[in-house]
file start.cif (mmCIF, N, CA and C atoms)
data_input
#
loop_
_atom_site.label_atom_id
_atom_site.label_comp_id
_atom_site.auth_asym_id
_atom_site.auth_seq_id
_atom_site.Cartn_x
_atom_site.Cartn_y
_atom_site.Cartn_z
N MET K 1 -46.05 48.37 -36.24
CA MET K 1 -45.98 48.95 -34.92
C MET K 1 -45.86 47.84 -33.87
N LYS K 2 -46.60 46.76 -34.08
CA LYS K 2 -46.54 45.65 -33.13
C LYS K 2 -45.15 45.02 -33.11
N LYS K 3 -44.49 44.95 -34.29
CA LYS K 3 -43.17 44.37 -34.37
C LYS K 3 -42.16 45.22 -33.61
N ILE K 4 -42.25 46.53 -33.74
CA ILE K 4 -41.32 47.43 -33.04
C ILE K 4 -41.52 47.31 -31.53
N PHE K 5 -42.77 47.23 -31.10
CA PHE K 5 -43.06 47.09 -29.67
C PHE K 5 -42.52 45.75 -29.14
N LEU K 6 -42.65 44.72 -29.91
CA LEU K 6 -42.16 43.40 -29.52
C LEU K 6 -40.63 43.40 -29.40
N ILE K 7 -39.95 44.00 -30.36
CA ILE K 7 -38.49 44.07 -30.34
C ILE K 7 -38.01 44.89 -29.15
N LEU K 8 -38.64 46.03 -28.90
CA LEU K 8 -38.26 46.87 -27.76
C LEU K 8 -38.52 46.16 -26.43
N SER K 9 -39.59 45.39 -26.34
CA SER K 9 -39.87 44.68 -25.09
C SER K 9 -38.84 43.57 -24.85
N VAL K 10 -38.38 42.94 -25.90
CA VAL K 10 -37.35 41.91 -25.74
C VAL K 10 -36.06 42.54 -25.22
N PHE K 11 -35.66 43.69 -25.79
CA PHE K 11 -34.45 44.38 -25.31
C PHE K 11 -34.63 44.90 -23.90
N ALA K 12 -35.82 45.35 -23.56
CA ALA K 12 -36.07 45.86 -22.21
C ALA K 12 -35.95 44.72 -21.19
N VAL K 13 -36.44 43.55 -21.53
CA VAL K 13 -36.34 42.40 -20.63
C VAL K 13 -34.88 42.03 -20.43
N HIS K 14 -34.07 42.06 -21.49
CA HIS K 14 -32.65 41.75 -21.38
C HIS K 14 -31.93 42.76 -20.50
N LEU K 15 -32.28 44.04 -20.64
CA LEU K 15 -31.64 45.06 -19.82
C LEU K 15 -32.03 44.93 -18.35
N CYS K 16 -33.27 44.55 -18.10
CA CYS K 16 -33.72 44.42 -16.71
C CYS K 16 -33.05 43.25 -16.00
N PHE K 17 -32.83 42.19 -16.70
CA PHE K 17 -32.26 41.00 -16.07
C PHE K 17 -30.74 40.90 -16.21
N SER K 18 -30.12 41.84 -16.86
CA SER K 18 -28.66 41.78 -16.99
C SER K 18 -28.01 42.18 -15.67
N GLN K 19 -26.81 41.68 -15.45
CA GLN K 19 -26.09 41.96 -14.21
C GLN K 19 -24.77 42.62 -14.54
N LYS K 20 -24.40 43.54 -13.67
CA LYS K 20 -23.11 44.19 -13.83
C LYS K 20 -22.15 43.59 -12.82
N VAL K 21 -20.94 43.33 -13.27
CA VAL K 21 -19.91 42.82 -12.38
C VAL K 21 -19.20 44.02 -11.77
N LYS K 22 -19.31 44.15 -10.46
CA LYS K 22 -18.72 45.32 -9.79
C LYS K 22 -17.23 45.16 -9.59
N SER K 23 -16.82 43.98 -9.15
CA SER K 23 -15.39 43.75 -8.98
C SER K 23 -15.10 42.26 -9.20
N VAL K 24 -14.00 42.02 -9.80
CA VAL K 24 -13.60 40.66 -10.07
C VAL K 24 -12.31 40.40 -9.30
N THR K 25 -12.32 39.33 -8.51
CA THR K 25 -11.11 38.94 -7.81
C THR K 25 -10.71 37.55 -8.27
N VAL K 26 -9.46 37.40 -8.53
CA VAL K 26 -8.95 36.12 -8.98
C VAL K 26 -8.31 35.44 -7.78
N LYS K 27 -8.78 34.25 -7.47
CA LYS K 27 -8.23 33.48 -6.37
C LYS K 27 -7.29 32.43 -6.94
N GLU K 28 -6.12 32.38 -6.38
CA GLU K 28 -5.16 31.38 -6.83
C GLU K 28 -5.44 30.07 -6.13
N ALA K 29 -5.39 29.02 -6.88
CA ALA K 29 -5.62 27.69 -6.30
C ALA K 29 -4.40 27.29 -5.48
N LYS K 30 -4.67 26.70 -4.34
CA LYS K 30 -3.57 26.23 -3.50
C LYS K 30 -3.12 24.88 -4.03
N THR K 31 -1.95 24.87 -4.57
CA THR K 31 -1.42 23.62 -5.10
C THR K 31 -0.13 23.28 -4.36
N THR K 32 -0.02 22.05 -4.04
CA THR K 32 1.22 21.59 -3.44
C THR K 32 2.06 20.99 -4.56
N GLU K 33 3.28 21.41 -4.61
CA GLU K 33 4.14 20.94 -5.67
C GLU K 33 4.54 19.49 -5.41
N GLN K 34 4.21 18.63 -6.31
CA GLN K 34 4.48 17.20 -6.16
C GLN K 34 5.57 16.82 -7.15
N LYS K 35 6.56 16.12 -6.66
CA LYS K 35 7.61 15.64 -7.54
C LYS K 35 7.03 14.59 -8.48
N LEU K 36 7.48 14.60 -9.70
CA LEU K 36 7.00 13.63 -10.67
C LEU K 36 7.78 12.32 -10.59
N GLU K 37 9.02 12.41 -10.20
CA GLU K 37 9.87 11.23 -10.12
C GLU K 37 10.22 10.93 -8.67
N LEU K 38 10.52 9.70 -8.40
CA LEU K 38 10.95 9.29 -7.06
C LEU K 38 12.46 9.44 -6.95
N SER K 39 12.95 9.68 -5.74
CA SER K 39 14.39 9.76 -5.52
C SER K 39 14.99 8.35 -5.61
N LYS K 40 16.29 8.29 -5.82
CA LYS K 40 16.95 6.99 -5.97
C LYS K 40 16.84 6.17 -4.69
N ASP K 41 16.90 6.83 -3.53
CA ASP K 41 16.77 6.10 -2.26
C ASP K 41 15.40 5.44 -2.16
N LYS K 42 14.36 6.19 -2.52
CA LYS K 42 12.99 5.66 -2.46
C LYS K 42 12.82 4.51 -3.46
N ILE K 43 13.38 4.67 -4.64
CA ILE K 43 13.27 3.62 -5.66
C ILE K 43 13.93 2.34 -5.15
N GLU K 44 15.10 2.47 -4.53
CA GLU K 44 15.78 1.29 -4.00
C GLU K 44 14.97 0.62 -2.90
N LEU K 45 14.39 1.44 -2.00
CA LEU K 45 13.58 0.90 -0.92
C LEU K 45 12.36 0.17 -1.46
N PHE K 46 11.61 0.85 -2.34
CA PHE K 46 10.37 0.26 -2.87
C PHE K 46 10.67 -0.95 -3.75
N ASN K 47 11.72 -0.88 -4.56
CA ASN K 47 12.07 -2.00 -5.42
C ASN K 47 12.47 -3.22 -4.58
N GLY K 48 13.21 -3.00 -3.51
CA GLY K 48 13.58 -4.10 -2.62
C GLY K 48 12.38 -4.77 -2.00
N LYS K 49 11.41 -3.97 -1.56
CA LYS K 49 10.18 -4.52 -0.97
C LYS K 49 9.38 -5.30 -2.01
N PHE K 50 9.34 -4.76 -3.24
CA PHE K 50 8.60 -5.43 -4.31
C PHE K 50 9.24 -6.77 -4.66
N VAL K 51 10.56 -6.80 -4.75
CA VAL K 51 11.27 -8.05 -5.06
C VAL K 51 11.03 -9.08 -3.96
N GLN K 52 11.06 -8.63 -2.70
CA GLN K 52 10.77 -9.54 -1.59
C GLN K 52 9.35 -10.11 -1.71
N PHE K 53 8.39 -9.25 -2.07
CA PHE K 53 7.01 -9.69 -2.20
C PHE K 53 6.87 -10.70 -3.33
N ILE K 54 7.50 -10.43 -4.47
CA ILE K 54 7.41 -11.34 -5.63
C ILE K 54 8.05 -12.68 -5.29
N THR K 55 9.17 -12.66 -4.57
CA THR K 55 9.82 -13.90 -4.15
C THR K 55 8.91 -14.69 -3.22
N ALA K 56 8.28 -13.99 -2.27
CA ALA K 56 7.36 -14.67 -1.35
C ALA K 56 6.13 -15.18 -2.08
N LEU K 57 5.67 -14.45 -3.08
CA LEU K 57 4.51 -14.88 -3.87
C LEU K 57 4.86 -16.13 -4.67
N LYS K 58 6.06 -16.17 -5.18
CA LYS K 58 6.50 -17.32 -5.98
C LYS K 58 6.57 -18.59 -5.12
N THR K 59 7.00 -18.45 -3.87
CA THR K 59 7.12 -19.60 -2.98
C THR K 59 5.87 -19.80 -2.11
N SER K 60 4.87 -18.97 -2.30
CA SER K 60 3.61 -19.02 -1.53
C SER K 60 3.84 -18.85 -0.03
N ASP K 61 4.73 -17.94 0.33
CA ASP K 61 5.03 -17.63 1.73
C ASP K 61 4.08 -16.52 2.19
N LYS K 62 2.92 -16.92 2.69
CA LYS K 62 1.87 -15.97 3.03
C LYS K 62 2.29 -15.04 4.18
N LYS K 63 3.04 -15.54 5.14
CA LYS K 63 3.46 -14.74 6.29
C LYS K 63 4.34 -13.57 5.84
N THR K 64 5.28 -13.83 4.96
CA THR K 64 6.17 -12.78 4.44
C THR K 64 5.38 -11.79 3.59
N MET K 65 4.47 -12.28 2.78
CA MET K 65 3.67 -11.39 1.93
C MET K 65 2.86 -10.44 2.79
N GLU K 66 2.23 -10.95 3.84
CA GLU K 66 1.41 -10.10 4.70
C GLU K 66 2.25 -9.10 5.48
N SER K 67 3.49 -9.45 5.80
CA SER K 67 4.36 -8.50 6.52
C SER K 67 4.77 -7.34 5.62
N LEU K 68 4.75 -7.54 4.30
CA LEU K 68 5.13 -6.48 3.37
C LEU K 68 3.96 -5.61 2.95
N LEU K 69 2.73 -6.04 3.23
CA LEU K 69 1.55 -5.28 2.86
C LEU K 69 1.20 -4.24 3.91
N SER K 70 0.58 -3.14 3.47
CA SER K 70 0.10 -2.13 4.41
C SER K 70 -1.15 -2.63 5.11
N ASP K 71 -1.53 -1.96 6.17
CA ASP K 71 -2.72 -2.37 6.93
C ASP K 71 -3.99 -2.29 6.07
N ASN K 72 -4.09 -1.27 5.23
CA ASN K 72 -5.26 -1.14 4.34
C ASN K 72 -5.33 -2.29 3.34
N ALA K 73 -4.19 -2.70 2.84
CA ALA K 73 -4.17 -3.78 1.85
C ALA K 73 -4.46 -5.13 2.48
N LYS K 74 -4.04 -5.32 3.73
CA LYS K 74 -4.27 -6.60 4.40
C LYS K 74 -5.75 -6.91 4.53
N THR K 75 -6.56 -5.88 4.75
CA THR K 75 -8.00 -6.12 4.91
C THR K 75 -8.67 -6.50 3.59
N ALA K 76 -8.10 -6.08 2.47
CA ALA K 76 -8.74 -6.32 1.18
C ALA K 76 -8.20 -7.56 0.46
N VAL K 77 -7.00 -7.98 0.80
CA VAL K 77 -6.36 -9.08 0.07
C VAL K 77 -6.80 -10.42 0.67
N THR K 78 -7.25 -11.29 -0.23
CA THR K 78 -7.66 -12.64 0.17
C THR K 78 -6.80 -13.66 -0.57
N ASP K 79 -7.02 -14.94 -0.27
CA ASP K 79 -6.29 -16.00 -0.97
C ASP K 79 -6.56 -15.97 -2.46
N LYS K 80 -7.76 -15.56 -2.82
CA LYS K 80 -8.13 -15.47 -4.23
C LYS K 80 -7.27 -14.43 -4.95
N VAL K 81 -6.97 -13.33 -4.27
CA VAL K 81 -6.14 -12.28 -4.86
C VAL K 81 -4.71 -12.79 -5.06
N TYR K 82 -4.19 -13.50 -4.06
CA TYR K 82 -2.84 -14.07 -4.19
C TYR K 82 -2.79 -15.05 -5.36
N LYS K 83 -3.82 -15.86 -5.50
CA LYS K 83 -3.88 -16.84 -6.59
C LYS K 83 -3.91 -16.13 -7.95
N ARG K 84 -4.68 -15.07 -8.02
CA ARG K 84 -4.80 -14.31 -9.27
C ARG K 84 -3.47 -13.66 -9.64
N LEU K 85 -2.76 -13.15 -8.63
CA LEU K 85 -1.44 -12.56 -8.89
C LEU K 85 -0.45 -13.60 -9.41
N THR K 86 -0.48 -14.79 -8.84
CA THR K 86 0.45 -15.83 -9.31
C THR K 86 0.13 -16.25 -10.75
N GLU K 87 -1.12 -16.15 -11.14
CA GLU K 87 -1.49 -16.48 -12.52
C GLU K 87 -1.10 -15.37 -13.50
N ASP K 88 -1.17 -14.12 -13.06
CA ASP K 88 -0.95 -12.99 -13.97
C ASP K 88 0.52 -12.56 -14.09
N ILE K 89 1.35 -12.93 -13.13
CA ILE K 89 2.76 -12.53 -13.16
C ILE K 89 3.59 -13.72 -13.63
N HIS K 90 4.46 -13.47 -14.60
CA HIS K 90 5.35 -14.51 -15.14
C HIS K 90 6.64 -14.49 -14.32
N PHE K 91 6.83 -15.50 -13.49
CA PHE K 91 8.00 -15.56 -12.63
C PHE K 91 9.26 -15.95 -13.38
N ASP K 92 9.11 -16.57 -14.55
CA ASP K 92 10.28 -17.00 -15.31
C ASP K 92 10.93 -15.85 -16.06
N LYS K 93 10.24 -14.72 -16.20
CA LYS K 93 10.79 -13.56 -16.90
C LYS K 93 11.33 -12.55 -15.88
N LYS K 94 12.35 -11.81 -16.29
CA LYS K 94 12.99 -10.82 -15.42
C LYS K 94 12.22 -9.50 -15.55
N LEU K 95 11.98 -8.85 -14.41
CA LEU K 95 11.29 -7.56 -14.39
C LEU K 95 12.30 -6.43 -14.30
N GLU K 96 11.99 -5.31 -14.97
CA GLU K 96 12.81 -4.11 -14.85
C GLU K 96 11.90 -2.91 -14.69
N ILE K 97 12.42 -1.86 -14.09
CA ILE K 97 11.62 -0.66 -13.83
C ILE K 97 11.35 0.05 -15.14
N PHE K 98 10.09 0.34 -15.39
CA PHE K 98 9.67 1.04 -16.59
C PHE K 98 9.46 2.53 -16.30
N LYS K 99 8.74 2.83 -15.22
CA LYS K 99 8.40 4.21 -14.91
C LYS K 99 8.21 4.34 -13.40
N THR K 100 8.57 5.51 -12.85
CA THR K 100 8.32 5.80 -11.45
C THR K 100 7.56 7.11 -11.34
N GLY K 101 6.89 7.30 -10.23
CA GLY K 101 6.16 8.54 -10.03
C GLY K 101 5.18 8.40 -8.89
N TYR K 102 4.12 9.17 -8.97
CA TYR K 102 3.08 9.15 -7.94
C TYR K 102 1.74 8.83 -8.57
N LYS K 103 0.91 8.12 -7.85
CA LYS K 103 -0.41 7.72 -8.34
C LYS K 103 -1.45 8.28 -7.40
N SER K 104 -2.47 8.92 -7.97
CA SER K 104 -3.59 9.43 -7.18
C SER K 104 -4.62 8.33 -7.03
N LEU K 105 -5.08 8.16 -5.82
CA LEU K 105 -6.09 7.14 -5.54
C LEU K 105 -7.44 7.80 -5.25
N ILE K 106 -8.49 7.01 -5.31
CA ILE K 106 -9.85 7.52 -5.13
C ILE K 106 -10.04 8.14 -3.75
N GLY K 107 -9.43 7.56 -2.74
CA GLY K 107 -9.57 8.06 -1.38
C GLY K 107 -8.95 9.43 -1.19
N GLY K 108 -8.25 9.93 -2.17
CA GLY K 108 -7.62 11.23 -2.07
C GLY K 108 -6.24 11.11 -1.47
N GLY K 109 -5.29 11.16 -2.27
CA GLY K 109 -3.92 11.06 -1.80
C GLY K 109 -3.03 10.57 -2.91
N ASN K 110 -1.81 11.04 -2.91
CA ASN K 110 -0.83 10.60 -3.89
C ASN K 110 0.14 9.66 -3.21
N TYR K 111 0.36 8.54 -3.83
CA TYR K 111 1.25 7.53 -3.28
C TYR K 111 2.34 7.19 -4.28
N PRO K 112 3.53 6.86 -3.80
CA PRO K 112 4.62 6.48 -4.71
C PRO K 112 4.25 5.22 -5.49
N MET K 113 4.70 5.21 -6.75
CA MET K 113 4.34 4.10 -7.63
C MET K 113 5.54 3.75 -8.49
N ILE K 114 5.71 2.47 -8.73
CA ILE K 114 6.72 2.00 -9.69
C ILE K 114 6.03 1.06 -10.66
N GLN K 115 6.26 1.28 -11.95
CA GLN K 115 5.73 0.38 -12.96
C GLN K 115 6.88 -0.47 -13.49
N TYR K 116 6.62 -1.76 -13.58
CA TYR K 116 7.62 -2.71 -14.06
C TYR K 116 7.18 -3.28 -15.40
N LYS K 117 8.16 -3.60 -16.23
CA LYS K 117 7.90 -4.31 -17.48
C LYS K 117 8.85 -5.49 -17.54
N TYR K 118 8.53 -6.43 -18.39
CA TYR K 118 9.41 -7.57 -18.58
C TYR K 118 10.58 -7.16 -19.46
N SER K 119 11.78 -7.62 -19.11
CA SER K 119 12.99 -7.15 -19.79
C SER K 119 13.06 -7.59 -21.25
N ASP K 120 12.34 -8.65 -21.62
CA ASP K 120 12.37 -9.08 -23.02
C ASP K 120 11.44 -8.27 -23.91
N ASP K 121 10.60 -7.41 -23.34
CA ASP K 121 9.70 -6.55 -24.11
C ASP K 121 10.43 -5.26 -24.45
N LYS K 122 10.82 -5.10 -25.70
CA LYS K 122 11.63 -3.95 -26.12
C LYS K 122 10.80 -2.83 -26.75
N SER K 123 9.48 -2.95 -26.80
CA SER K 123 8.65 -1.92 -27.41
C SER K 123 8.58 -0.68 -26.52
N THR K 124 8.24 0.48 -27.10
CA THR K 124 8.18 1.72 -26.34
C THR K 124 7.03 1.70 -25.34
N GLU K 125 5.93 1.11 -25.70
CA GLU K 125 4.79 0.91 -24.79
C GLU K 125 4.67 -0.59 -24.55
N PRO K 126 5.11 -1.06 -23.40
CA PRO K 126 5.10 -2.50 -23.14
C PRO K 126 3.69 -3.09 -23.17
N LYS K 127 3.61 -4.35 -23.57
CA LYS K 127 2.32 -5.02 -23.63
C LYS K 127 1.83 -5.45 -22.25
N GLU K 128 2.76 -5.72 -21.34
CA GLU K 128 2.40 -6.12 -19.98
C GLU K 128 3.16 -5.24 -18.99
N ILE K 129 2.41 -4.64 -18.08
CA ILE K 129 2.98 -3.77 -17.05
C ILE K 129 2.46 -4.22 -15.70
N ILE K 130 3.32 -4.19 -14.71
CA ILE K 130 2.91 -4.46 -13.33
C ILE K 130 3.11 -3.18 -12.55
N THR K 131 2.03 -2.63 -12.02
CA THR K 131 2.08 -1.39 -11.26
C THR K 131 2.04 -1.73 -9.77
N ALA K 132 3.01 -1.20 -9.04
CA ALA K 132 3.07 -1.40 -7.59
C ALA K 132 2.96 -0.03 -6.92
N VAL K 133 2.00 0.10 -6.01
CA VAL K 133 1.78 1.36 -5.28
C VAL K 133 2.19 1.12 -3.83
N PHE K 134 2.93 2.08 -3.28
CA PHE K 134 3.50 1.94 -1.95
C PHE K 134 3.05 3.07 -1.03
N GLU K 135 3.18 2.84 0.27
CA GLU K 135 3.09 3.92 1.24
C GLU K 135 4.48 4.49 1.39
N GLU K 136 4.60 5.65 2.01
CA GLU K 136 5.91 6.29 2.16
C GLU K 136 6.88 5.46 2.98
N ASN K 137 6.37 4.61 3.88
CA ASN K 137 7.24 3.79 4.72
C ASN K 137 7.72 2.52 4.01
N GLY K 138 7.29 2.29 2.78
CA GLY K 138 7.73 1.13 2.02
C GLY K 138 6.75 -0.01 1.98
N LYS K 139 5.67 0.07 2.73
CA LYS K 139 4.65 -0.99 2.72
C LYS K 139 3.90 -0.93 1.39
N ILE K 140 3.51 -2.09 0.89
CA ILE K 140 2.83 -2.18 -0.40
C ILE K 140 1.34 -1.96 -0.22
N LEU K 141 0.80 -0.99 -0.96
CA LEU K 141 -0.64 -0.72 -0.95
C LEU K 141 -1.37 -1.59 -1.96
N GLY K 142 -0.74 -1.83 -3.10
CA GLY K 142 -1.39 -2.64 -4.12
C GLY K 142 -0.46 -2.99 -5.26
N ILE K 143 -0.76 -4.10 -5.90
CA ILE K 143 -0.03 -4.54 -7.09
C ILE K 143 -1.06 -4.91 -8.14
N LYS K 144 -0.89 -4.34 -9.32
CA LYS K 144 -1.87 -4.59 -10.37
C LYS K 144 -1.16 -4.93 -11.68
N PRO K 145 -1.25 -6.18 -12.11
CA PRO K 145 -0.74 -6.52 -13.44
C PRO K 145 -1.72 -6.04 -14.52
N TYR K 146 -1.17 -5.54 -15.60
CA TYR K 146 -2.01 -5.06 -16.70
C TYR K 146 -1.46 -5.64 -17.99
N LYS K 147 -2.37 -6.26 -18.76
CA LYS K 147 -2.00 -6.83 -20.04
C LYS K 147 -2.78 -6.10 -21.13
N GLN K 148 -2.05 -5.53 -22.08
CA GLN K 148 -2.67 -4.80 -23.18
C GLN K 148 -3.17 -5.79 -24.21
N THR K 149 -4.43 -5.70 -24.56
CA THR K 149 -5.00 -6.57 -25.58
C THR K 149 -5.54 -5.73 -26.71
N LYS K 150 -5.43 -6.26 -27.91
CA LYS K 150 -5.93 -5.52 -29.08
C LYS K 150 -6.98 -6.31 -29.78
#
call {"tool": "encode", "arguments": {"input": "start.cif", "output": "structure tokens"}}
result
Amino acid sequence: MKKIFLILSVFAVHLCFSQKVKSVTVKEAKTTEQKLELSKDKIELFNGKFVQFITALKTSDKKTMESLLSDNAKTAVTDKVYKRLTEDIHFDKKLEIFKTGYKSLIGGGNYPMIQYKYSDDKSTEPKEIITAVFEENGKILGIKPYKQTK
């Protein structure tokens, strides 16, 4: 008898605390359609700015480098960053575009991005990639060399 009372009390508690859904409405998320690829005009603009920056970096022309950087990047870039870039980028090798698209940043926002690989690297996933992120006006937000290590 005690077992039956215990089982019925457990079911009674479940019935008392259960909730009925009166109406369900599905809200559609507001998404803005973002292109995955950059247009040819944008690629030419951004690639030209990147080549100018790499040339200025190679010759240590700080004035030209700073003119190509965005205002946000100018506050964060120091001489140490320029030195690190010159160490990580191989100027003797030719760069070619590997991938284009948009990159989401922590601050919230999608920015145009071009990834470069060295032309002598023929593998499907290159061992070294240089990612350049731009503002829409062509100013460089950031450049990040990446070397895959195993």
call {"tool": "closest_residue", "arguments": {"input": "start.cif", "among": "K:Gln115, K:Tyr82, K:Phe5, K:Lys144", "to": "K:Ile97", "atoms": "all atoms listed in the file"}}
result
K:Gln115
call {"tool": "select_by_dssp", "arguments": {"input": "start.cif", "residues": "stretch 5-150 of chain K", "states": "strand (DSSP E or B)", "output": "count of residues only"}}
result
35
call {"tool": "residues_near_point", "arguments": {"input": "start.cif", "point": "(6.2, -11.8, -13.7)", "cutoff": "12 Å", "atoms": "only C-alpha atoms", "output": "mmCIF file with N, CA and C atoms, in the coordinates of the input"}}
result
data_model
loop_
_atom_site.group_PDB
_atom_site.id
_atom_site.type_symbol
_atom_site.label_atom_id
_atom_site.label_comp_id
_atom_site.auth_asym_id
_atom_site.auth_seq_id
_atom_site.Cartn_x
_atom_site.Cartn_y
_atom_site.Cartn_z
ATOM 1 N N PHE K 50 9.340 -4.760 -3.240
ATOM 2 C CA PHE K 50 8.600 -5.430 -4.310
ATOM 3 C C PHE K 50 9.240 -6.770 -4.660
ATOM 4 N N VAL K 51 10.560 -6.800 -4.750
ATOM 5 C CA VAL K 51 11.270 -8.050 -5.060
ATOM 6 C C VAL K 51 11.030 -9.080 -3.960
ATOM 7 N N PHE K 53 8.390 -9.250 -2.070
ATOM 8 C CA PHE K 53 7.010 -9.690 -2.200
ATOM 9 C C PHE K 53 6.870 -10.700 -3.330
ATOM 10 N N ILE K 54 7.500 -10.430 -4.470
ATOM 11 C CA ILE K 54 7.410 -11.340 -5.630
ATOM 12 C C ILE K 54 8.050 -12.680 -5.290
ATOM 13 N N THR K 55 9.170 -12.660 -4.570
ATOM 14 C CA THR K 55 9.820 -13.900 -4.150
ATOM 15 C C THR K 55 8.910 -14.690 -3.220
ATOM 16 N N LEU K 57 5.670 -14.450 -3.080
ATOM 17 C CA LEU K 57 4.510 -14.880 -3.870
ATOM 18 C C LEU K 57 4.860 -16.130 -4.670
ATOM 19 N N LYS K 58 6.060 -16.170 -5.180
ATOM 20 C CA LYS K 58 6.500 -17.320 -5.980
ATOM 21 C C LYS K 58 6.570 -18.590 -5.120
ATOM 22 N N LEU K 85 -2.760 -13.150 -8.630
ATOM 23 C CA LEU K 85 -1.440 -12.560 -8.890
ATOM 24 C C LEU K 85 -0.450 -13.600 -9.410
ATOM 25 N N THR K 86 -0.480 -14.790 -8.840
ATOM 26 C CA THR K 86 0.450 -15.830 -9.310
ATOM 27 C C THR K 86 0.130 -16.250 -10.750
ATOM 28 N N GLU K 87 -1.120 -16.150 -11.140
ATOM 29 C CA GLU K 87 -1.490 -16.480 -12.520
ATOM 30 C C GLU K 87 -1.100 -15.370 -13.500
ATOM 31 N N ASP K 88 -1.170 -14.120 -13.060
ATOM 32 C CA ASP K 88 -0.950 -12.990 -13.970
ATOM 33 C C ASP K 88 0.520 -12.560 -14.090
ATOM 34 N N ILE K 89 1.350 -12.930 -13.130
ATOM 35 C CA ILE K 89 2.760 -12.530 -13.160
ATOM 36 C C ILE K 89 3.590 -13.720 -13.630
ATOM 37 N N HIS K 90 4.460 -13.470 -14.600
ATOM 38 C CA HIS K 90 5.350 -14.510 -15.140
ATOM 39 C C HIS K 90 6.640 -14.490 -14.320
ATOM 40 N N PHE K 91 6.830 -15.500 -13.490
ATOM 41 C CA PHE K 91 8.000 -15.560 -12.630
ATOM 42 C C PHE K 91 9.260 -15.950 -13.380
ATOM 43 N N ASP K 92 9.110 -16.570 -14.550
ATOM 44 C CA ASP K 92 10.280 -17.000 -15.310
ATOM 45 C C ASP K 92 10.930 -15.850 -16.060
ATOM 46 N N LYS K 93 10.240 -14.720 -16.200
ATOM 47 C CA LYS K 93 10.790 -13.560 -16.900
ATOM 48 C C LYS K 93 11.330 -12.550 -15.880
ATOM 49 N N LYS K 94 12.350 -11.810 -16.290
ATOM 50 C CA LYS K 94 12.990 -10.820 -15.420
ATOM 51 C C LYS K 94 12.220 -9.500 -15.550
ATOM 52 N N LEU K 95 11.980 -8.850 -14.410
ATOM 53 C CA LEU K 95 11.290 -7.560 -14.390
ATOM 54 C C LEU K 95 12.300 -6.430 -14.300
ATOM 55 N N GLU K 96 11.990 -5.310 -14.970
ATOM 56 C CA GLU K 96 12.810 -4.110 -14.850
ATOM 57 C C GLU K 96 11.900 -2.910 -14.690
ATOM 58 N N TYR K 116 6.620 -1.760 -13.580
ATOM 59 C CA TYR K 116 7.620 -2.710 -14.060
ATOM 60 C C TYR K 116 7.180 -3.280 -15.400
ATOM 61 N N LYS K 117 8.160 -3.600 -16.230
ATOM 62 C CA LYS K 117 7.900 -4.310 -17.480
ATOM 63 C C LYS K 117 8.850 -5.490 -17.540
ATOM 64 N N TYR K 118 8.530 -6.430 -18.390
ATOM 65 C CA TYR K 118 9.410 -7.570 -18.580
ATOM 66 C C TYR K 118 10.580 -7.160 -19.460
ATOM 67 N N SER K 119 11.780 -7.620 -19.110
ATOM 68 C CA SER K 119 12.990 -7.150 -19.790
ATOM 69 C C SER K 119 13.060 -7.590 -21.250
ATOM 70 N N ASP K 120 12.340 -8.650 -21.620
ATOM 71 C CA ASP K 120 12.370 -9.080 -23.020
ATOM 72 C C ASP K 120 11.440 -8.270 -23.910
ATOM 73 N N GLU K 128 2.760 -5.720 -21.340
ATOM 74 C CA GLU K 128 2.400 -6.120 -19.980
ATOM 75 C C GLU K 128 3.160 -5.240 -18.990
ATOM 76 N N ILE K 129 2.410 -4.640 -18.080
ATOM 77 C CA ILE K 129 2.980 -3.770 -17.050
ATOM 78 C C ILE K 129 2.460 -4.220 -15.700
ATOM 79 N N ILE K 130 3.320 -4.190 -14.710
ATOM 80 C CA ILE K 130 2.910 -4.460 -13.330
ATOM 81 C C ILE K 130 3.110 -3.180 -12.550
ATOM 82 N N THR K 131 2.030 -2.630 -12.020
ATOM 83 C CA THR K 131 2.080 -1.390 -11.260
ATOM 84 C C THR K 131 2.040 -1.730 -9.770
ATOM 85 N N ILE K 143 -0.760 -4.100 -5.900
ATOM 86 C CA ILE K 143 -0.030 -4.540 -7.090
ATOM 87 C C ILE K 143 -1.060 -4.910 -8.140
ATOM 88 N N LYS K 144 -0.890 -4.340 -9.320
ATOM 89 C CA LYS K 144 -1.870 -4.590 -10.370
ATOM 90 C C LYS K 144 -1.160 -4.930 -11.680
ATOM 91 N N PRO K 145 -1.250 -6.180 -12.110
ATOM 92 C CA PRO K 145 -0.740 -6.520 -13.440
ATOM 93 C C PRO K 145 -1.720 -6.040 -14.520
ATOM 94 N N TYR K 146 -1.170 -5.540 -15.600
ATOM 95 C CA TYR K 146 -2.010 -5.060 -16.700
ATOM 96 C C TYR K 146 -1.460 -5.640 -17.990
ATOM 97 N N LYS K 147 -2.370 -6.260 -18.760
ATOM 98 C CA LYS K 147 -2.000 -6.830 -20.040
ATOM 99 C C LYS K 147 -2.780 -6.100 -21.130
#
call {"tool": "atom_distance", "arguments": {"input": "start.cif", "atom1": "atom N of K:Ser104", "atom2": "atom C of K:Gly142"}}
result
12.4 Å
call {"tool": "select_by_dssp", "arguments": {"input": "start.cif", "residues": "chain K", "states": "helix (DSSP H, G or I)", "output": "VMD selection string"}}
result
chain K and resid 2 to 17 40 to 58 62 to 68 71 to 76 79 to 88
call {"tool": "residues_around", "arguments": {"input": "start.cif", "residues": "K:Ala73", "least_positions_apart": "4", "cutoff": "7 Å", "atoms": "only N, CA and C atoms", "output": "short mmCIF file (atom, residue, chain, number, x, y, z; two decimals) with N, CA and C atoms, in the coordinates of the input"}}
result
data_model
loop_
_atom_site.label_atom_id
_atom_site.label_comp_id
_atom_site.auth_asym_id
_atom_site.auth_seq_id
_atom_site.Cartn_x
_atom_site.Cartn_y
_atom_site.Cartn_z
N LEU K 69 2.73 -6.04 3.23
CA LEU K 69 1.55 -5.28 2.86
C LEU K 69 1.20 -4.24 3.91
N VAL K 77 -7.00 -7.98 0.80
CA VAL K 77 -6.36 -9.08 0.07
C VAL K 77 -6.80 -10.42 0.67
N ILE K 140 3.51 -2.09 0.89
CA ILE K 140 2.83 -2.18 -0.40
C ILE K 140 1.34 -1.96 -0.22
N LEU K 141 0.80 -0.99 -0.96
CA LEU K 141 -0.64 -0.72 -0.95
C LEU K 141 -1.37 -1.59 -1.96
N GLY K 142 -0.74 -1.83 -3.10
CA GLY K 142 -1.39 -2.64 -4.12
C GLY K 142 -0.46 -2.99 -5.26
#
